[in-house]
Every structure is written in structure tokens, then in C-alpha cells.
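**Student:** Provided herewith: entry-v4.txt, compact mmCIF, C-alpha atoms.
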```
# COMPACT_ATOMS: atom_id res chain seq x y z
CA MET A 1 -47.25 17.54 25.66
CA ALA A 2 -44.91 14.63 26.41
CA ALA A 3 -44.06 14.29 22.71
CA LEU A 4 -43.21 17.99 22.55
CA ILE A 5 -40.90 17.64 25.54
CA ARG A 6 -39.16 14.65 23.94
CA LYS A 7 -38.63 16.67 20.73
CA GLN A 8 -37.17 19.56 22.69
CA ILE A 9 -34.80 17.18 24.51
CA LEU A 10 -33.63 15.70 21.20
CA ARG A 11 -33.30 19.15 19.66
CA SER A 12 -31.20 20.33 22.62
CA MET A 13 -28.97 17.26 22.29
CA VAL A 14 -28.36 17.88 18.58
CA ILE A 15 -27.67 21.59 19.15
CA LYS A 16 -25.23 20.71 21.93
CA GLU A 17 -23.32 18.35 19.62
CA PHE A 18 -23.15 20.95 16.85
CA LYS A 19 -21.89 23.58 19.29
CA GLN A 20 -19.25 21.18 20.53
CA VAL A 21 -18.14 20.45 16.97
CA PHE A 22 -18.01 24.07 15.82
CA ARG A 23 -16.25 25.19 18.99
CA ASP A 24 -13.26 22.97 18.18
CA ARG A 25 -11.44 24.37 15.14
CA ARG A 26 -9.38 21.23 14.72
CA MET A 27 -12.57 19.19 14.56
CA LEU A 28 -13.91 21.54 11.89
CA GLY A 29 -10.77 20.89 9.87
CA VAL A 30 -11.28 17.14 10.20
CA LEU A 31 -14.95 17.31 9.23
CA PHE A 32 -14.80 19.69 6.29
CA GLY A 33 -11.15 20.23 5.35
CA SER A 34 -9.76 16.71 5.40
CA PRO A 35 -12.24 15.25 2.84
CA ILE A 36 -11.32 17.97 0.36
CA ILE A 37 -7.58 17.58 0.96
CA MET A 38 -7.77 13.79 0.74
CA LEU A 39 -9.79 13.97 -2.47
CA LEU A 40 -7.22 16.30 -4.04
CA ILE A 41 -4.38 14.01 -2.95
CA PHE A 42 -6.11 10.87 -4.21
CA GLY A 43 -7.22 12.63 -7.37
CA TYR A 44 -3.65 13.25 -8.43
CA ALA A 45 -2.07 10.16 -6.85
CA ALA A 46 -4.64 7.45 -7.69
CA ASN A 47 -3.71 7.13 -11.34
CA THR A 48 -2.78 3.76 -12.82
CA ASP A 49 -2.63 4.90 -16.45
CA VAL A 50 0.55 3.60 -18.08
CA ARG A 51 2.31 6.27 -20.11
CA GLU A 52 5.86 7.49 -20.78
CA ILE A 53 7.26 3.96 -20.97
CA LYS A 54 11.03 4.32 -21.26
CA MET A 55 12.35 2.05 -23.99
CA ALA A 56 15.87 0.97 -25.01
CA VAL A 57 16.40 -0.50 -28.48
CA LEU A 58 18.98 -2.86 -29.93
CA ASP A 59 18.51 -2.87 -33.71
CA ARG A 60 20.68 -5.51 -35.42
CA GLU A 61 18.87 -5.00 -38.72
CA ARG A 62 19.19 -1.20 -39.19
CA SER A 63 16.90 -1.21 -42.23
CA SER A 64 14.02 0.99 -43.27
CA GLU A 65 11.58 -1.70 -42.11
CA SER A 66 13.14 -1.99 -38.66
CA ARG A 67 13.22 1.80 -38.29
CA ASP A 68 9.57 1.95 -39.34
CA PHE A 69 8.74 -0.73 -36.78
CA ILE A 70 10.54 1.10 -33.96
CA SER A 71 8.89 4.40 -34.92
CA ARG A 72 5.51 2.76 -34.31
CA PHE A 73 6.40 2.64 -30.62
CA THR A 74 7.70 6.20 -30.30
CA SER A 75 4.78 7.69 -32.25
CA SER A 76 2.13 5.83 -30.24
CA GLY A 77 2.24 8.36 -27.39
CA TYR A 78 3.01 5.69 -24.80
CA PHE A 79 6.69 4.93 -25.36
CA LEU A 80 9.73 7.19 -24.96
CA LEU A 81 12.97 6.22 -26.66
CA HIS A 82 15.66 6.22 -23.99
CA SER A 83 18.64 5.03 -26.04
CA TYR A 84 19.93 2.81 -28.85
CA LEU A 85 22.15 0.05 -27.54
CA GLU A 86 25.15 -1.70 -29.07
CA SER A 87 24.99 -4.94 -27.07
CA GLU A 88 22.70 -6.93 -24.79
CA LYS A 89 25.01 -6.36 -21.82
CA GLN A 90 23.97 -2.72 -21.74
CA MET A 91 20.34 -3.81 -21.39
CA GLU A 92 20.91 -5.59 -18.08
CA LYS A 93 22.47 -2.52 -16.51
CA LEU A 94 19.62 -0.27 -17.61
CA LEU A 95 16.89 -2.63 -16.39
CA ASP A 96 18.61 -3.32 -13.07
CA GLY A 97 18.91 0.39 -12.34
CA GLY A 98 15.32 1.14 -13.39
CA ALA A 99 16.45 3.49 -16.16
CA VAL A 100 14.16 1.79 -18.71
CA ASP A 101 10.94 -0.20 -18.55
CA LEU A 102 11.27 -2.06 -21.83
CA PHE A 103 14.09 -3.49 -23.93
CA LEU A 104 13.30 -4.10 -27.62
CA TYR A 105 15.60 -6.36 -29.65
CA VAL A 106 15.24 -6.47 -33.45
CA GLU A 107 17.25 -9.36 -34.92
CA SER A 108 19.11 -9.23 -38.21
CA GLY A 109 17.09 -10.49 -41.19
CA PHE A 110 13.97 -8.73 -39.90
CA SER A 111 13.05 -6.97 -43.15
CA ARG A 112 13.71 -10.06 -45.31
CA ARG A 113 11.47 -12.28 -43.21
CA VAL A 114 8.72 -9.67 -43.01
CA LYS A 115 8.68 -9.18 -46.79
CA SER A 116 8.67 -12.91 -47.42
CA GLY A 117 5.73 -13.40 -45.08
CA LYS A 118 7.53 -15.98 -42.97
CA GLY A 119 7.31 -13.88 -39.83
CA ALA A 120 10.07 -12.24 -37.85
CA ASP A 121 11.03 -12.77 -34.24
CA ILE A 122 11.04 -9.75 -31.95
CA GLN A 123 12.33 -10.02 -28.41
CA ILE A 124 11.16 -7.76 -25.61
CA VAL A 125 12.35 -7.71 -22.03
CA ILE A 126 10.13 -5.93 -19.50
CA ASP A 127 10.68 -4.87 -15.92
CA GLY A 128 8.06 -7.05 -14.22
CA THR A 129 8.47 -5.59 -10.72
CA ASP A 130 5.07 -3.96 -11.08
CA SER A 131 3.00 -6.78 -12.57
CA SER A 132 0.01 -4.57 -13.42
CA ARG A 133 2.15 -2.05 -15.29
CA ALA A 134 4.06 -4.85 -17.05
CA SER A 135 0.86 -6.52 -18.28
CA VAL A 136 -0.38 -3.21 -19.73
CA ILE A 137 2.97 -2.68 -21.49
CA VAL A 138 2.74 -6.17 -23.01
CA ALA A 139 -0.76 -5.33 -24.27
CA TYR A 140 0.56 -2.13 -25.90
CA VAL A 141 3.42 -4.04 -27.55
CA ASN A 142 1.08 -6.76 -28.87
CA GLN A 143 -1.22 -4.16 -30.36
CA ILE A 144 1.61 -2.36 -32.16
CA VAL A 145 3.12 -5.62 -33.43
CA ASN A 146 -0.24 -6.89 -34.69
CA GLU A 147 -1.01 -3.63 -36.51
CA PHE A 148 2.45 -3.62 -38.09
CA GLY A 149 2.11 -7.23 -39.24
CA LEU A 150 -1.39 -6.66 -40.57
CA GLU A 151 -0.30 -3.72 -42.73
CA TYR A 152 2.55 -5.72 -44.26
CA PHE A 153 0.17 -8.63 -44.86
CA LYS A 154 -2.21 -6.33 -46.71
CA ASP A 155 0.61 -4.83 -48.83
CA ARG A 156 1.97 -8.27 -49.68
CA THR A 157 -1.46 -9.64 -50.61
CA ARG A 158 -2.17 -6.61 -52.77
CA ALA A 159 1.20 -6.97 -54.54
CA LEU A 160 0.58 -10.65 -55.25
CA ALA A 161 -2.88 -9.91 -56.62
CA LEU A 162 -1.55 -7.19 -58.92
CA GLY A 163 1.24 -9.48 -60.09
CA ARG A 164 -1.33 -12.09 -61.13
CA GLY A 165 -3.22 -9.58 -63.23
CA ALA A 166 -5.93 -8.86 -60.70
CA GLY A 167 -5.32 -5.13 -60.80
CA GLY A 168 -8.81 -4.38 -62.01
CA MET A 169 -10.42 -6.50 -59.34
CA LYS A 170 -11.65 -5.05 -56.12
CA MET A 171 -9.97 -6.79 -53.21
CA LYS A 172 -11.71 -7.42 -49.92
CA GLU A 173 -9.88 -5.84 -47.05
CA SER A 174 -8.95 -7.89 -44.03
CA ILE A 175 -11.16 -7.71 -40.95
CA GLU A 176 -10.56 -4.42 -39.18
CA LEU A 177 -11.33 -4.13 -35.49
CA LYS A 178 -12.88 -0.84 -34.40
CA GLU A 179 -12.91 -0.43 -30.64
CA ARG A 180 -15.30 1.73 -28.65
CA ALA A 181 -15.30 1.88 -24.86
CA LEU A 182 -18.58 2.80 -23.22
CA PHE A 183 -18.99 4.87 -20.03
CA ASN A 184 -15.29 5.80 -19.83
CA PRO A 185 -14.20 6.37 -23.45
CA GLU A 186 -10.71 7.66 -22.57
CA LEU A 187 -10.19 4.70 -20.18
CA GLU A 188 -8.94 7.12 -17.53
CA SER A 189 -8.22 5.31 -14.27
CA ARG A 190 -9.01 8.53 -12.38
CA ASN A 191 -12.63 8.32 -13.53
CA PHE A 192 -12.81 4.85 -11.98
CA TYR A 193 -11.09 5.58 -8.67
CA LEU A 194 -12.38 9.04 -7.71
CA PRO A 195 -16.07 8.08 -7.30
CA GLY A 196 -14.96 5.21 -5.07
CA ILE A 197 -12.84 7.56 -2.95
CA ILE A 198 -16.03 9.42 -2.02
CA GLY A 199 -17.30 6.23 -0.41
CA LEU A 200 -14.04 5.75 1.49
CA LEU A 201 -13.96 9.28 2.87
CA ILE A 202 -17.58 9.24 4.03
CA ALA A 203 -17.11 5.88 5.74
CA LEU A 204 -13.96 6.97 7.54
CA ILE A 205 -15.43 10.23 8.82
CA THR A 206 -18.78 8.88 9.98
CA ILE A 207 -17.44 5.72 11.65
CA MET A 208 -14.53 7.34 13.42
CA LEU A 209 -16.36 10.44 14.65
CA THR A 210 -19.42 8.53 15.85
CA SER A 211 -17.42 5.91 17.75
CA MET A 212 -15.04 8.43 19.32
CA SER A 213 -17.79 10.89 20.21
CA VAL A 214 -19.70 8.29 22.23
CA VAL A 215 -16.57 6.90 23.88
CA LYS A 216 -15.53 10.43 24.80
CA GLU A 217 -18.66 10.74 26.94
CA ARG A 218 -17.65 7.58 28.76
CA GLU A 219 -14.05 8.75 29.26
CA SER A 220 -15.05 12.16 30.58
CA GLY A 221 -17.48 10.62 33.08
CA THR A 222 -20.60 12.27 31.67
CA MET A 223 -22.12 8.95 30.57
CA GLU A 224 -23.22 8.24 34.16
CA GLN A 225 -25.01 11.58 34.26
CA ILE A 226 -26.74 10.81 30.98
CA ILE A 227 -27.88 7.42 32.27
CA VAL A 228 -29.62 8.94 35.30
CA SER A 229 -31.06 11.83 33.25
CA PRO A 230 -34.53 11.77 31.58
CA LEU A 231 -32.75 11.25 28.26
CA ARG A 232 -33.75 7.96 26.65
CA PRO A 233 -31.15 5.73 24.94
CA MET A 234 -32.68 6.31 21.48
CA GLU A 235 -32.65 10.07 22.01
CA PHE A 236 -29.02 9.96 23.06
CA ILE A 237 -28.12 7.86 20.03
CA ALA A 238 -30.06 10.14 17.67
CA GLY A 239 -28.49 13.23 19.22
CA LYS A 240 -25.01 11.78 18.77
CA THR A 241 -25.44 10.44 15.23
CA LEU A 242 -27.64 13.07 13.54
CA PRO A 243 -24.95 15.80 13.49
CA PHE A 244 -22.43 13.46 11.86
CA ALA A 245 -25.08 12.22 9.42
CA ILE A 246 -25.67 15.84 8.35
CA VAL A 247 -21.92 16.44 8.10
CA GLY A 248 -21.46 13.27 6.03
CA PHE A 249 -24.33 14.29 3.76
CA PHE A 250 -22.75 17.72 3.28
CA ASP A 251 -19.35 16.13 2.54
CA ILE A 252 -20.89 13.94 -0.17
CA ILE A 253 -22.18 17.05 -1.92
CA VAL A 254 -18.90 18.97 -1.62
CA VAL A 255 -16.65 16.08 -2.65
CA THR A 256 -18.90 15.16 -5.58
CA VAL A 257 -18.90 18.75 -6.87
CA ILE A 258 -15.08 18.90 -6.63
CA ALA A 259 -14.71 15.57 -8.45
CA ILE A 260 -16.93 16.80 -11.27
CA ALA A 261 -15.79 20.43 -11.51
CA TRP A 262 -12.07 20.10 -10.76
CA PHE A 263 -11.12 16.62 -11.96
CA LYS A 264 -13.72 16.51 -14.76
CA VAL A 265 -15.02 13.10 -13.73
CA PRO A 266 -18.07 12.40 -15.93
CA PHE A 267 -21.38 12.42 -14.08
CA ASN A 268 -24.16 10.83 -16.13
CA GLY A 269 -26.73 9.87 -13.50
CA SER A 270 -29.20 11.45 -11.10
CA PHE A 271 -27.76 13.60 -8.34
CA LEU A 272 -30.92 13.07 -6.27
CA PHE A 273 -30.56 9.29 -6.49
CA LEU A 274 -26.92 9.61 -5.44
CA LEU A 275 -27.91 11.65 -2.36
CA VAL A 276 -30.63 9.19 -1.34
CA SER A 277 -28.24 6.26 -1.72
CA GLY A 278 -25.58 8.22 0.14
CA LEU A 279 -27.97 8.78 3.03
CA LEU A 280 -28.61 5.03 3.31
CA TYR A 281 -24.87 4.41 3.20
CA ILE A 282 -24.24 7.02 5.90
CA LEU A 283 -26.78 5.37 8.18
CA SER A 284 -25.03 2.03 7.76
CA MET A 285 -21.66 3.54 8.58
CA LEU A 286 -23.07 5.38 11.61
CA ALA A 287 -24.41 2.05 12.85
CA VAL A 288 -20.94 0.54 12.52
CA GLY A 289 -19.45 3.47 14.44
CA LEU A 290 -22.07 3.08 17.15
CA PHE A 291 -21.31 -0.63 17.44
CA ILE A 292 -17.58 0.10 17.76
CA SER A 293 -18.35 2.50 20.60
CA THR A 294 -20.01 -0.33 22.53
CA VAL A 295 -16.86 -2.50 22.41
CA SER A 296 -14.35 0.30 23.07
CA LYS A 297 -13.52 1.80 26.44
CA THR A 298 -11.14 4.53 25.25
CA GLN A 299 -10.83 6.76 22.19
CA GLN A 300 -7.61 4.99 21.23
CA GLU A 301 -9.44 1.67 21.20
CA ALA A 302 -12.21 3.21 19.12
CA MET A 303 -9.70 4.52 16.58
CA LEU A 304 -7.91 1.17 16.30
CA SER A 305 -11.21 -0.69 16.02
CA THR A 306 -12.27 1.70 13.26
CA PHE A 307 -9.20 0.90 11.19
CA LEU A 308 -9.60 -2.80 11.98
CA PHE A 309 -12.97 -2.59 10.22
CA PHE A 310 -12.05 0.04 7.65
CA LEU A 311 -9.03 -1.63 5.98
CA PRO A 312 -10.72 -5.00 5.26
CA ALA A 313 -13.82 -3.10 4.14
CA ILE A 314 -11.70 -1.33 1.50
CA LEU A 315 -10.18 -4.60 0.27
CA PHE A 316 -13.59 -6.29 0.07
CA SER A 317 -15.36 -3.34 -1.56
CA GLY A 318 -13.93 -3.65 -5.06
CA PHE A 319 -12.30 -0.23 -4.79
CA ILE A 320 -8.82 -1.53 -5.66
CA PHE A 321 -9.14 -5.22 -6.47
CA PRO A 322 -12.06 -6.60 -8.54
CA VAL A 323 -14.37 -8.80 -6.50
CA TYR A 324 -14.79 -11.31 -9.34
CA ALA A 325 -11.07 -12.13 -9.12
CA MET A 326 -11.32 -13.10 -5.45
CA PRO A 327 -11.92 -16.66 -4.19
CA VAL A 328 -15.56 -17.70 -3.90
CA THR A 329 -15.47 -17.66 -0.09
CA VAL A 330 -14.08 -14.12 -0.07
CA GLN A 331 -16.74 -13.02 -2.57
CA ALA A 332 -19.34 -14.22 -0.08
CA VAL A 333 -17.75 -12.02 2.61
CA THR A 334 -18.00 -8.96 0.36
CA LEU A 335 -21.79 -9.31 0.40
CA LEU A 336 -21.71 -8.35 4.09
CA ASN A 337 -19.86 -5.11 3.37
CA PRO A 338 -22.02 -1.97 2.90
CA MET A 339 -19.10 -0.26 1.15
CA TYR A 340 -19.24 -2.86 -1.63
CA TYR A 341 -22.82 -1.93 -2.52
CA PHE A 342 -22.18 1.81 -2.39
CA MET A 343 -19.14 1.41 -4.66
CA ASN A 344 -21.38 -0.22 -7.28
CA ILE A 345 -23.98 2.52 -6.86
CA ILE A 346 -21.65 5.50 -7.04
CA ARG A 347 -19.71 4.18 -10.05
CA GLY A 348 -22.94 3.27 -11.79
CA VAL A 349 -24.36 6.75 -11.23
CA PHE A 350 -21.17 8.58 -12.20
CA LEU A 351 -20.04 6.59 -15.23
CA LYS A 352 -22.99 4.59 -16.52
CA GLY A 353 -25.77 7.00 -15.66
CA VAL A 354 -27.99 4.22 -14.31
CA GLY A 355 -30.50 4.62 -11.51
CA MET A 356 -33.01 2.75 -9.42
CA THR A 357 -34.16 0.47 -12.24
CA VAL A 358 -30.69 -1.09 -12.45
CA LEU A 359 -29.24 -0.51 -8.98
CA TRP A 360 -32.27 -1.51 -6.90
CA PRO A 361 -30.54 -4.68 -5.57
CA GLU A 362 -27.71 -2.55 -4.14
CA VAL A 363 -30.16 -0.04 -2.66
CA LEU A 364 -32.22 -2.83 -1.12
CA ALA A 365 -29.06 -4.38 0.34
CA LEU A 366 -28.11 -1.03 1.92
CA VAL A 367 -31.60 -0.67 3.42
CA VAL A 368 -31.60 -4.19 4.88
CA MET A 369 -28.01 -4.05 6.06
CA GLY A 370 -28.37 -0.54 7.49
CA ALA A 371 -31.52 -1.49 9.40
CA ALA A 372 -29.92 -4.67 10.75
CA LEU A 373 -26.71 -2.93 11.81
CA LEU A 374 -28.57 -0.02 13.37
CA SER A 375 -30.92 -2.35 15.27
CA LEU A 376 -28.01 -4.43 16.56
CA SER A 377 -25.98 -1.37 17.57
CA VAL A 378 -28.91 0.36 19.29
CA ARG A 379 -29.82 -2.80 21.21
CA ARG A 380 -26.25 -3.33 22.34
CA PHE A 381 -25.81 0.34 23.26
CA SER A 382 -29.09 0.40 25.19
CA ARG A 383 -27.86 -2.51 27.32
CA ARG A 384 -24.69 -0.58 28.10
CA MET A 385 -26.75 2.39 29.29
CA GLU A 386 -29.00 0.32 31.56
```
Would you mind giving the structure from this file in C-alpha cells?
**Tutor:**
Amino acid sequence: MAALIRKQILRSMVIKEFKQVFRDRRMLGVLFGSPIIMLLIFGYAANTDVREIKMAVLDRERSSESRDFISRFTSSGYFLLHSYLESEKQMEKLLDGGAVDLFLYVESGFSRRVKSGKGADIQIVIDGTDSSRASVIVAYVNQIVNEFGLEYFKDRTRALALGRGAGGMKMKESIELKERALFNPELESRNFYLPGIIGLLIALITIMLTSMSVVKERESGTMEQIIVSPLRPMEFIAGKTLPFAIVGFFDIIVVTVIAIAWFKVPFNGSFLFLLVSGLLYILSMLAVGLFISTVSKTQQEAMLSTFLFFLPAILFSGFIFPVYAMPVTVQAVTLLNPMYYFMNIIRGVFLKGVGMTVLWPEVLALVVMGAALLSLSVRRFSRRME
């Protein structure tokens, strides 16, 4: 009988929270509309693919070889010819004003040196303001230059062999590199970022709403009534967190479907495994939100505390910057971040199609970390209610 009464109390608490959420239309927009809007914004904005590189050319040679070399850039699909220049002074003005990203200078004697096999010097000047974009442009240029040089080397070797009477002999071709990228064949940055954005949105919603919902009870003066009521601390915590756990679970499904159906992000793994992992992640984030509520007296403090946790969590999650490039001490800090483990899980499920057999360390970390955070938050919150 007592257990039935406790269940009814918990059920009433959860229903009350859902009624409070659905009564506020602005809250409904935050819970269900904002994740979709943010995903659409990030889906179109979070794109680091380097294309349409504006290029200015100064060709001192003006030969068929130099024109062939320049055409390799324009036909690659990455470079756009902005203009042909007459002097280097024009280059400085274009780069300073941001009109071009790359200046290509072909010196006189280019064709003669290429044909002789001595090698020709090519000068490029790149706008290095955006270091990531500049490094990708340099990689594109190196690839085009290497392919151009390799073709001329093959032609020259073949001509020499024919000239020495080796026309009937079968020549061995030079080593040819054939590239194949697994998991993300088109190397689309959107396919890398969008799964991670799901983790960011779920964390932001669950942490902020949980912390502010609990603090709101304290601000409105109803916390004192709850303390003297038959409601136990665990029942209060469950009643406050369960609705947002359900909302977060629903948002994972909606946002994942949009990422797959609208943005065509490849999904190669198990949807069930993603949901189970997402549930563990949601519990960890709810525990963080509950802990924030114990150190915040007002909703403004709760919001600021949420962002104080949220921004470093993004930086240490591997969402933007790779963890392996961070100092060793910082890499150790990332191991305490639940978002880091969920990023590995969600990208592994989406792109690699792996499951529990590969990602069990991340799942285990979420279980341990979620249990520890929830235990700490519940204990601290129970003391506040005593």
C-alpha cells in the first residue's frame, strides 16, 4: 500500500511538471522548436570545406605549358580564376582587400626547365588569416603541382626510352597513388560536425532546463512547502528530471531524423544503440543540471553556471578541436567530460557503423560517470532539502 502511494505521488509530480511545461508556449518552443532551428542553422553554417578559392595569376612565361599548368587549377573544381595580373604590385592590393585567396606566379623559362627535367620554380602567396583554410589550399596546390610534374616526368622518360630504341619494350609506369577515404568518402565536413551538434543540443537543453526548473521552485517560495510535504527528496528529483529526460530523448530522435533525411548525413550504425547511449548521456547531463541547481540561488545564476560548464565542455569534447592535438594535461581533463565520450559514440554510430563491441569503453565511462554525478548531485540536493 505504501509503495502504491509513493508511485502515485511520483506520478502526480511528473504530470504536474508536464502540465507546467505544456502550459507555457514559449517553453514548448525552447524544448521542441529550438533544437530543430539550431540544427538547421548549424547544418548550413558548420561547413569547413574549402571551395571556390579565388586565384590571381601572373604568368611571365605565357607558353602552352604554363597555360596547361594554370588550367589544372581552374579545372580542379576548387579554384576560381579572378584575374591575370601584369605586375606583382597588383597582387598586394588584391590580397590586402581580400579579393583573392591565392596569388600564383609563373616565372619565365618555366616550359624550358620543365622539358629539361631540371625543375621549375613556382611561387604562391596565400592569405594566411585563416590558418586552417590556408593549410588546405596549400595541400590542394601541392597535389596539383605533383600531378603535373609526374605527368611530365612520365612523358620525358617515355621519350628517352623511345629515342634509345626501346619502343618495343614495355615500360613500367611510375607508382600511382589511389586514395580511398573510409566512413566519409566525400570528406564532407558537415558529416563530421552534425552528429556532434546533436550532443551539444541535448546537453544544453537538459542542463539548463533542469537547473532552472529546480531553482525556480526556490525563487517562487514553493521549495519550503515541498520540504514539509510527504514528498521525499528522491521523488522530487525524479519528478523534476524525468520530464526533461523524456524531452531530451524525444529531441534525439527528431534531430537525428532531420540530420539523416534533410542533410543526408550517412547513418551506418544501430539506431537502438544510439538511443541507449543517448539515454545514458541524458542522465549524466541531468545530473550536472541538478548539481548546478544546488549551487545557484537564482535562475540567472543557474543560466550563467550552465554556460560556465557548457563552453569548456564543448572545447574539451573534440567537437571542434581534436583532443590528440591538446597538451597531455588537457587530454586528461577531457576524460572527465561526458560530452567527450558521447561525441565518440555518436560519430562512430553515424559514420563508422560500429556498436557495443567497439564503443564499450565509452559506454562504460558514461555509466560510471553518470552514476557518480547523479549520486553526488542527489546527495548534495538532499542536504539542501533537509
**Student:** Work out how far atom CA of Leu104 of chain A is from atom CA of Ile124 of chain A, in Å to one decimal.
**Tutor:**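 Value for the atom CA of Ile124 of chain A-atom CA of Leu104 of chain A distance: 4.7 Å.
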**Student:** Do you have the atom CA of Leu204 of chain A-atom CA of Arg347 of chain A distance handy?
**Tutor:**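 Atom-to-atom, atom CA of Leu204 of chain A and atom CA of Arg347 of chain A are spaced 18.7 Å apart.
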**Student:** What is the distance between atom CA of Ile36 of chain A and atom CA of Val247 of chain A, in Å to one decimal?
**Tutor:**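 A separation of 13.2 Å between them.
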**Student:** Please identify all polymer residues within 9 Å of segment 107-109 of chain A, counting only C-alpha atoms, omitting same-chain residues fewer than 6 positions from it, and present them as an MDAnalysis selection string.
**Tutor:** chainID A and resid 58:62 120:123
**Student:** So, with only C-alpha atoms as the atoms that count, which of A:Pro185, A:Gly353, A:Gly33, A:Gly370 lies closest to Leu274 of chain A?
**Tutor:** A:Gly353
